[in-house]
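Source file upload-v8.txt; content: compact mmCIF, C-alpha atoms.
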```
# COMPACT_ATOMS: atom_id res chain seq x y z
CA MET Z 1 160.88 109.63 100.92
CA SER Z 2 159.45 111.95 103.58
CA ASP Z 3 162.98 112.55 104.89
CA THR Z 4 164.07 113.65 101.42
CA LYS Z 5 161.13 116.01 101.15
CA ALA Z 6 161.87 117.61 104.49
CA ALA Z 7 165.58 118.06 103.76
CA LEU Z 8 165.30 119.93 100.48
CA ASP Z 9 165.82 123.65 100.97
CA ALA Z 10 168.05 126.41 99.65
CA ASP Z 11 170.72 125.85 102.31
CA LEU Z 12 171.09 122.18 101.39
CA ILE Z 13 171.21 122.88 97.66
CA ALA Z 14 173.88 125.56 98.17
CA LYS Z 15 175.94 123.02 100.12
CA LEU Z 16 175.50 120.43 97.36
CA LEU Z 17 176.69 122.94 94.78
CA GLY Z 18 179.63 123.91 96.95
CA GLU Z 19 180.58 120.25 97.32
CA GLN Z 20 180.29 119.21 93.66
CA HIS Z 21 180.08 122.38 91.51
CA PRO Z 22 181.72 125.13 93.55
CA ASP Z 23 181.75 127.62 90.66
CA LEU Z 24 177.94 127.73 90.90
CA ALA Z 25 177.63 127.79 94.69
CA GLU Z 26 177.37 131.56 95.09
CA LEU Z 27 174.52 132.05 92.61
CA PRO Z 28 171.14 132.94 94.18
CA LEU Z 29 168.57 130.17 94.59
CA VAL Z 30 164.79 130.61 94.33
CA LEU Z 31 162.21 127.81 94.43
CA GLY Z 32 160.72 127.45 90.96
CA ALA Z 33 158.27 124.55 91.13
CA LEU Z 34 157.29 121.42 93.03
CA GLY Z 35 156.83 118.89 90.24
CA TRP Z 36 155.47 115.37 90.36
CA ASP Z 37 158.94 113.79 90.52
CA ASN Z 38 161.33 116.67 91.19
CA GLN Z 39 161.73 120.01 92.84
CA MET Z 40 163.13 122.75 90.59
CA TRP Z 41 165.10 125.70 91.92
CA ARG Z 42 166.15 128.62 89.75
CA LEU Z 43 169.90 129.14 90.00
CA GLY Z 44 171.01 132.62 89.05
CA ASP Z 45 169.51 134.01 85.84
CA ASN Z 46 170.14 131.17 83.42
CA LEU Z 47 170.26 127.85 85.27
CA ALA Z 48 168.03 125.57 87.34
CA VAL Z 49 168.66 122.75 89.81
CA ARG Z 50 166.34 119.74 89.71
CA LEU Z 51 166.29 117.25 92.56
CA PRO Z 52 164.13 114.15 93.16
CA TRP Z 53 161.71 114.55 96.01
CA SER Z 54 158.59 112.39 95.78
CA THR Z 55 159.01 109.29 93.58
CA GLN Z 56 161.42 106.38 93.72
CA ASP Z 57 162.36 106.37 90.03
CA ALA Z 58 163.00 110.11 89.64
CA ASP Z 59 166.80 109.56 89.71
CA GLU Z 60 166.57 107.30 86.67
CA LEU Z 61 164.46 109.86 84.83
CA LEU Z 62 166.99 112.63 85.48
CA LEU Z 63 169.83 110.43 84.22
CA LYS Z 64 167.79 109.80 81.07
CA GLU Z 65 167.47 113.53 80.45
CA TYR Z 66 171.17 114.03 81.11
CA ALA Z 67 172.07 111.33 78.58
CA PHE Z 68 169.77 112.23 75.69
CA LEU Z 69 168.58 115.85 75.82
CA PRO Z 70 171.81 117.76 75.02
CA ALA Z 71 172.09 116.24 71.54
CA MET Z 72 168.39 116.79 70.86
CA ALA Z 73 168.05 120.43 71.92
CA SER Z 74 169.59 122.06 68.86
CA ARG Z 75 166.95 120.76 66.45
CA LEU Z 76 163.91 121.74 68.55
CA PRO Z 77 162.20 125.08 67.80
CA LEU Z 78 161.02 125.63 71.39
CA ARG Z 79 163.39 126.01 74.32
CA ILE Z 80 163.92 123.03 76.59
CA PRO Z 81 165.92 122.56 79.84
CA VAL Z 82 169.33 121.35 78.63
CA PRO Z 83 171.29 119.41 81.27
CA LYS Z 84 174.68 120.98 82.01
CA ARG Z 85 175.93 119.35 85.20
CA LEU Z 86 175.33 116.07 87.00
CA GLY Z 87 175.05 115.86 90.77
CA GLN Z 88 176.07 112.56 92.36
CA PRO Z 89 174.56 111.00 95.49
CA SER Z 90 176.50 111.99 98.60
CA GLU Z 91 176.20 112.12 102.37
CA LEU Z 92 174.46 115.48 102.03
CA PHE Z 93 171.81 114.14 99.64
CA PRO Z 94 171.60 110.44 98.71
CA ARG Z 95 170.11 110.86 95.23
CA THR Z 96 171.11 111.95 91.73
CA TRP Z 97 170.34 115.54 90.69
CA ILE Z 98 171.10 117.77 87.71
CA VAL Z 99 171.73 121.39 86.75
CA THR Z 100 169.99 122.51 83.55
CA THR Z 101 169.40 125.67 81.61
CA TRP Z 102 166.47 127.78 82.83
CA VAL Z 103 163.50 128.02 80.45
CA PRO Z 104 161.50 131.25 80.97
CA GLY Z 105 157.73 131.29 80.58
CA GLU Z 106 154.51 130.54 82.43
CA PRO Z 107 153.07 127.01 82.71
CA ALA Z 108 150.11 126.62 80.37
CA ASP Z 109 147.87 125.32 83.15
CA ARG Z 110 148.10 128.84 84.61
CA ALA Z 111 148.58 130.84 81.40
CA PRO Z 112 147.03 128.87 78.52
CA ALA Z 113 147.85 129.52 74.89
CA THR Z 114 145.39 132.05 73.47
CA LEU Z 115 146.83 132.76 70.00
CA GLY Z 116 145.22 129.66 68.54
CA LEU Z 117 146.65 129.46 65.03
CA GLN Z 118 150.10 130.59 66.11
CA ALA Z 119 150.15 128.14 69.02
CA ALA Z 120 148.97 125.31 66.76
CA ASP Z 121 151.85 125.99 64.37
CA SER Z 122 154.33 126.19 67.27
CA LEU Z 123 153.19 122.88 68.76
CA ALA Z 124 153.14 121.16 65.36
CA ALA Z 125 156.63 122.41 64.52
CA PHE Z 126 157.98 121.26 67.89
CA LEU Z 127 156.52 117.77 67.60
CA ALA Z 128 157.56 117.38 63.97
CA ALA Z 129 161.13 118.24 65.00
CA LEU Z 130 161.01 115.93 68.02
CA HIS Z 131 159.47 112.94 66.25
CA HIS Z 132 162.62 111.60 64.62
CA PRO Z 133 163.52 107.89 64.57
CA ALA Z 134 164.92 106.90 67.96
CA PRO Z 135 168.12 104.84 68.30
CA PRO Z 136 168.03 101.26 69.62
CA ALA Z 137 169.31 102.53 72.99
CA ALA Z 138 166.30 104.82 73.46
CA PRO Z 139 164.28 104.02 76.58
CA ILE Z 140 160.90 102.30 76.64
CA GLY Z 141 158.08 104.39 78.05
CA ARG Z 142 156.83 104.06 81.62
CA HIS Z 143 153.28 102.83 82.15
CA GLY Z 144 152.96 101.79 78.49
CA ARG Z 145 153.48 105.28 77.08
CA GLY Z 146 154.24 105.17 73.40
CA GLY Z 147 153.10 101.57 73.15
CA SER Z 148 149.75 99.88 72.73
CA LEU Z 149 146.75 101.76 74.08
CA ALA Z 150 145.24 98.48 75.19
CA THR Z 151 147.66 98.32 78.13
CA SER Z 152 145.96 101.44 79.54
CA SER Z 153 142.37 100.21 79.21
CA GLU Z 154 142.01 99.18 82.84
CA GLY Z 155 143.37 102.49 84.09
CA VAL Z 156 141.21 104.56 81.75
CA ALA Z 157 138.11 102.67 82.82
CA ARG Z 158 139.00 103.26 86.47
CA PHE Z 159 139.61 106.99 86.00
CA LEU Z 160 136.45 107.38 83.92
CA LYS Z 161 134.38 105.73 86.64
CA GLU Z 162 136.04 107.87 89.31
CA ALA Z 163 135.43 111.08 87.35
CA THR Z 164 131.82 110.08 86.73
CA ASP Z 165 131.27 109.18 90.39
CA ARG Z 166 132.66 112.58 91.40
CA ARG Z 167 130.20 114.19 88.94
CA LEU Z 168 133.04 115.68 86.93
CA ILE Z 169 131.61 114.06 83.79
CA ALA Z 170 127.90 114.21 83.10
CA ASP Z 171 127.64 111.58 80.34
CA PRO Z 172 130.52 109.12 79.93
CA ASP Z 173 129.05 107.26 76.94
CA ASP Z 174 130.85 109.36 74.31
CA LEU Z 175 134.11 108.89 76.16
CA ARG Z 176 133.67 105.13 76.23
CA GLU Z 177 133.07 105.22 72.49
CA ILE Z 178 136.17 107.33 71.91
CA TRP Z 179 138.30 104.89 73.87
CA ALA Z 180 136.83 101.84 72.17
CA ASP Z 181 137.49 103.38 68.76
CA ALA Z 182 141.06 104.33 69.70
CA VAL Z 183 141.92 100.89 71.07
CA THR Z 184 140.69 99.17 67.91
CA ALA Z 185 142.54 101.51 65.53
CA PRO Z 186 145.39 99.92 63.52
CA ALA Z 187 148.63 99.94 65.50
CA TRP Z 188 151.65 102.07 64.66
CA THR Z 189 153.89 100.10 62.29
CA GLY Z 190 156.52 102.72 61.54
CA GLN Z 191 159.85 103.28 63.24
CA ALA Z 192 159.80 104.05 66.94
CA MET Z 193 159.99 107.84 67.23
CA TRP Z 194 161.40 110.02 69.98
CA LEU Z 195 158.53 111.13 72.23
CA HIS Z 196 158.13 113.56 75.09
CA ALA Z 197 155.36 111.25 76.38
CA ASP Z 198 154.06 113.59 79.10
CA LEU Z 199 152.70 116.63 77.28
CA HIS Z 200 150.12 118.27 79.49
CA PRO Z 201 149.54 121.96 80.30
CA ALA Z 202 151.93 122.08 83.27
CA ASN Z 203 154.80 120.92 81.02
CA LEU Z 204 154.31 123.55 78.29
CA LEU Z 205 155.36 127.16 78.86
CA THR Z 206 153.73 130.17 77.25
CA ARG Z 207 154.53 133.81 76.67
CA GLY Z 208 152.22 136.32 75.02
CA GLY Z 209 149.61 133.67 74.19
CA ASP Z 210 151.98 131.31 72.33
CA PHE Z 211 154.15 128.39 73.41
CA CYS Z 212 157.75 129.29 74.21
CA GLY Z 213 159.14 126.19 75.95
CA VAL Z 214 158.67 122.55 76.89
CA VAL Z 215 159.89 121.10 80.20
CA ASP Z 216 160.09 117.83 82.13
CA PHE Z 217 161.43 115.24 79.69
CA GLY Z 218 161.65 112.56 82.36
CA ASP Z 219 159.22 110.33 80.47
CA MET Z 220 160.91 110.73 77.08
CA CYS Z 221 160.95 107.44 75.23
CA ALA Z 222 160.61 105.79 71.83
CA GLY Z 223 157.27 104.75 70.36
CA ASP Z 224 154.06 105.75 68.61
CA PRO Z 225 153.87 109.50 67.89
CA ALA Z 226 150.11 109.42 68.59
CA CYS Z 227 151.10 109.43 72.28
CA ASP Z 228 152.27 113.05 71.88
CA LEU Z 229 149.84 114.16 69.17
CA GLY Z 230 146.88 113.73 71.50
CA ALA Z 231 148.21 116.70 73.47
CA ALA Z 232 146.62 119.04 70.92
CA TRP Z 233 143.24 118.61 72.64
CA LEU Z 234 144.71 119.51 76.04
CA LEU Z 235 146.92 122.39 74.97
CA LEU Z 236 145.25 124.32 72.15
CA PRO Z 237 142.27 126.66 72.41
CA ASP Z 238 138.98 126.06 70.64
CA GLY Z 239 139.16 126.36 66.87
CA ALA Z 240 142.90 125.67 66.59
CA ILE Z 241 143.15 121.87 66.53
CA SER Z 242 142.41 121.44 62.83
CA ARG Z 243 145.25 123.91 62.12
CA PHE Z 244 147.55 121.68 64.18
CA TRP Z 245 146.66 118.61 62.08
CA ASP Z 246 147.27 120.60 58.90
CA SER Z 247 150.62 121.93 60.12
CA TYR Z 248 152.17 118.74 61.50
CA ARG Z 249 154.41 116.82 59.12
CA PRO Z 250 154.32 114.14 57.92
CA ALA Z 251 150.55 114.28 57.50
CA ILE Z 252 148.61 112.34 60.12
CA ASP Z 253 146.70 109.29 58.85
CA ALA Z 254 143.25 108.31 60.10
CA ALA Z 255 144.51 105.50 62.34
CA THR Z 256 147.01 107.77 64.08
CA LEU Z 257 144.28 110.34 64.65
CA ARG Z 258 142.09 107.69 66.27
CA ARG Z 259 144.90 106.56 68.58
CA ALA Z 260 145.73 110.18 69.41
CA ARG Z 261 142.16 110.68 70.64
CA GLY Z 262 142.67 107.77 73.00
CA TRP Z 263 145.92 109.15 74.38
CA ALA Z 264 144.27 112.55 74.83
CA LEU Z 265 141.36 111.01 76.71
CA GLY Z 266 143.59 109.04 79.06
CA LYS Z 267 145.70 112.11 79.89
CA ALA Z 268 142.64 114.35 80.30
CA LEU Z 269 141.01 111.96 82.76
CA VAL Z 270 144.15 111.78 84.89
CA CYS Z 271 144.48 115.58 84.89
CA LEU Z 272 140.78 115.92 85.72
CA ILE Z 273 141.12 113.75 88.83
CA ILE Z 274 144.33 115.51 89.92
CA GLY Z 275 142.62 118.86 89.42
CA ASP Z 276 139.63 117.84 91.54
CA ASP Z 277 141.98 116.54 94.22
CA GLY Z 278 143.61 119.98 94.25
CA VAL Z 279 140.29 121.78 94.60
CA HIS Z 280 139.48 119.64 97.65
CA GLY Z 281 142.95 119.78 99.22
CA ARG Z 282 143.80 116.11 98.71
CA PRO Z 283 147.46 114.99 98.63
CA GLY Z 284 149.04 115.32 95.18
CA GLY Z 285 146.22 117.50 93.88
CA LYS Z 286 146.82 120.44 91.53
CA ALA Z 287 143.74 122.62 91.13
CA THR Z 288 145.03 124.32 87.97
CA TRP Z 289 145.01 121.00 86.08
CA GLY Z 290 141.22 120.70 86.19
CA PRO Z 291 140.03 123.45 83.80
CA PRO Z 292 142.30 122.40 80.88
CA ALA Z 293 141.20 118.80 81.34
CA GLN Z 294 137.52 119.77 81.29
CA ALA Z 295 138.09 121.79 78.13
CA ALA Z 296 139.96 118.89 76.52
CA ILE Z 297 137.12 116.46 77.23
CA ARG Z 298 134.62 118.90 75.80
CA ARG Z 299 136.72 119.27 72.63
CA LEU Z 300 137.18 115.51 72.34
CA VAL Z 301 133.44 114.88 72.55
CA SER Z 302 132.72 117.61 70.02
CA SER Z 303 135.28 116.33 67.53
CA TRP Z 304 134.13 112.75 68.06
CA ARG Z 305 130.52 113.58 67.32
CA TRP Z 306 131.59 115.50 64.21
CA ALA Z 307 133.76 112.59 63.05
CA LYS Z 308 130.90 110.12 63.54
CA SER Z 309 128.49 112.31 61.59
CA HIS Z 310 130.99 112.46 58.73
CA ASP Z 311 131.93 108.77 58.97
CA GLN Z 312 135.57 109.52 59.90
```
Structure encoded using structure tokens:
Amino acid sequence: MSDTKAALDADLIAKLLGEQHPDLAELPLVLGALGWDNQMWRLGDNLAVRLPWSTQDADELLLKEYAFLPAMASRLPLRIPVPKRLGQPSELFPRTWIVTTWVPGEPADRAPATLGLQAADSLAAFLAALHHPAPPAAPIGRHGRGGSLATSSEGVARFLKEATDRRLIADPDDLREIWADAVTAPAWTGQAMWLHADLHPANLLTRGGDFCGVVDFGDMCAGDPACDLGAAWLLLPDGAISRFWDSYRPAIDAATLRRARGWALGKALVCLIIGDDGVHGRPGGKATWGPPAQAAIRRLVSSWRWAKSHDQ
């Protein structure tokens, strides 16, 4: 994988385009982002090139996006990167890659949503439009996403201990209670719904304080919508989460809310560790992920204490 990382640059990508999509080869290339699985390069004004660079299964995730996203894009109220071209493995680059539409905006880990009620409505409308019944051919989520929370219990316990040991969390007792309540909530019994399954601040784009786009659908899968609904705690500012629950349709039942808290906690802990790694210059760290995760944990604890006091 280190060879792949070293080889990715504008010259190589231009050669790949010239080899497989020559009508795009003369468009200017600018590095857009170094994601967890892929590099993204802006291609001209309206396109982007995404290439695997750091994980073994990134090719499979890109092929998933290429297969399913084009038919989905028209019903979604926020812009998403729509695959337009497929790049095949070759002697120049031995992995699959894609060309998508470019989605303008700033990642929410750097420019968080500030128009709370408007952002809550935007997120609720996007997820309501996304959460349609998935076909039998829809993929199963990686790492248990969209499935039973219980499969993540070992990982959540490990990340909670790590965050506590690093003194990123002062009192983990509330978080243990939140997880225990989420894991024991009644399971999802409805149809498996289409999910994004990786909604965190770096994958939402903002403009003018509101959400304007959603990127990185590599983990899209079918399953329990609570997996996505937990993102409200990570993405929305204080005072806006109740508006989100009111706006999302169909209305969220108590069991789904409990499971959503669990998904939010698991994602927040991962982002908290990655953020701390970034602050200290550790490999894979992203310093901008820490503050949203801290805020999410604070909101989770506050809402949990309120729910307990009101027997909800």
Of the listed residues Z:Lys64, Z:Lys84, Z:His200, Z:Lys15, that which approaches Z:Asn46 most closely, counting only C-alpha atoms: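 Closest to Z:Asn46, using only C-alpha atoms: Z:Lys84.
The residue that comes closest to Z:Leu78, out of Z:Asp121, Z:Asp181, Z:Glu19, Z:Asp173 and on the basis of only C-alpha atoms, is Z:Asp121.
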Return as JSON lines the residues of stretch 191-285 of chain Z lying at most 9 Å from stretch 150-169 of chain Z, together with the closest atom-to-atom pair for each and the distance in Å to one decimal, counting only C-alpha atoms, with rows in chain order and ascending residue number.
```
{"residue": "Z:Leu265", "atom": "CA", "partner": "Z:Val156", "partner_atom": "CA", "distance": 8.2}
{"residue": "Z:Gly266", "atom": "CA", "partner": "Z:Val156", "partner_atom": "CA", "distance": 5.7}
{"residue": "Z:Lys267", "atom": "CA", "partner": "Z:Val156", "partner_atom": "CA", "distance": 9.0}
{"residue": "Z:Leu269", "atom": "CA", "partner": "Z:Phe159", "partner_atom": "CA", "distance": 6.1}
{"residue": "Z:Val270", "atom": "CA", "partner": "Z:Phe159", "partner_atom": "CA", "distance": 6.7}
{"residue": "Z:Leu272", "atom": "CA", "partner": "Z:Ala163", "partner_atom": "CA", "distance": 7.4}
{"residue": "Z:Ile273", "atom": "CA", "partner": "Z:Ala163", "partner_atom": "CA", "distance": 6.5}
{"residue": "Z:Asp276", "atom": "CA", "partner": "Z:Leu168", "partner_atom": "CA", "distance": 8.3}
```
I'd like the contact shell of Z:Gly239 - 10 Å cut-off, all atoms listed in the file, skipping same-chain residues fewer than 6 positions apart - returned as an mmCIF file with C-alpha atoms, in the frame of the given file.
```cif
data_model
loop_
_atom_site.group_PDB
_atom_site.id
_atom_site.type_symbol
_atom_site.label_atom_id
_atom_site.label_comp_id
_atom_site.auth_asym_id
_atom_site.auth_seq_id
_atom_site.Cartn_x
_atom_site.Cartn_y
_atom_site.Cartn_z
ATOM 1 C CA GLY Z 116 145.220 129.660 68.540
ATOM 2 C CA LEU Z 117 146.650 129.460 65.030
ATOM 3 C CA ALA Z 120 148.970 125.310 66.760
ATOM 4 C CA ARG Z 299 136.720 119.270 72.630
#
```
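Between atom CA of Z:Pro186 and atom CA of Z:Tyr248 lies a distance of 20.1 Å.
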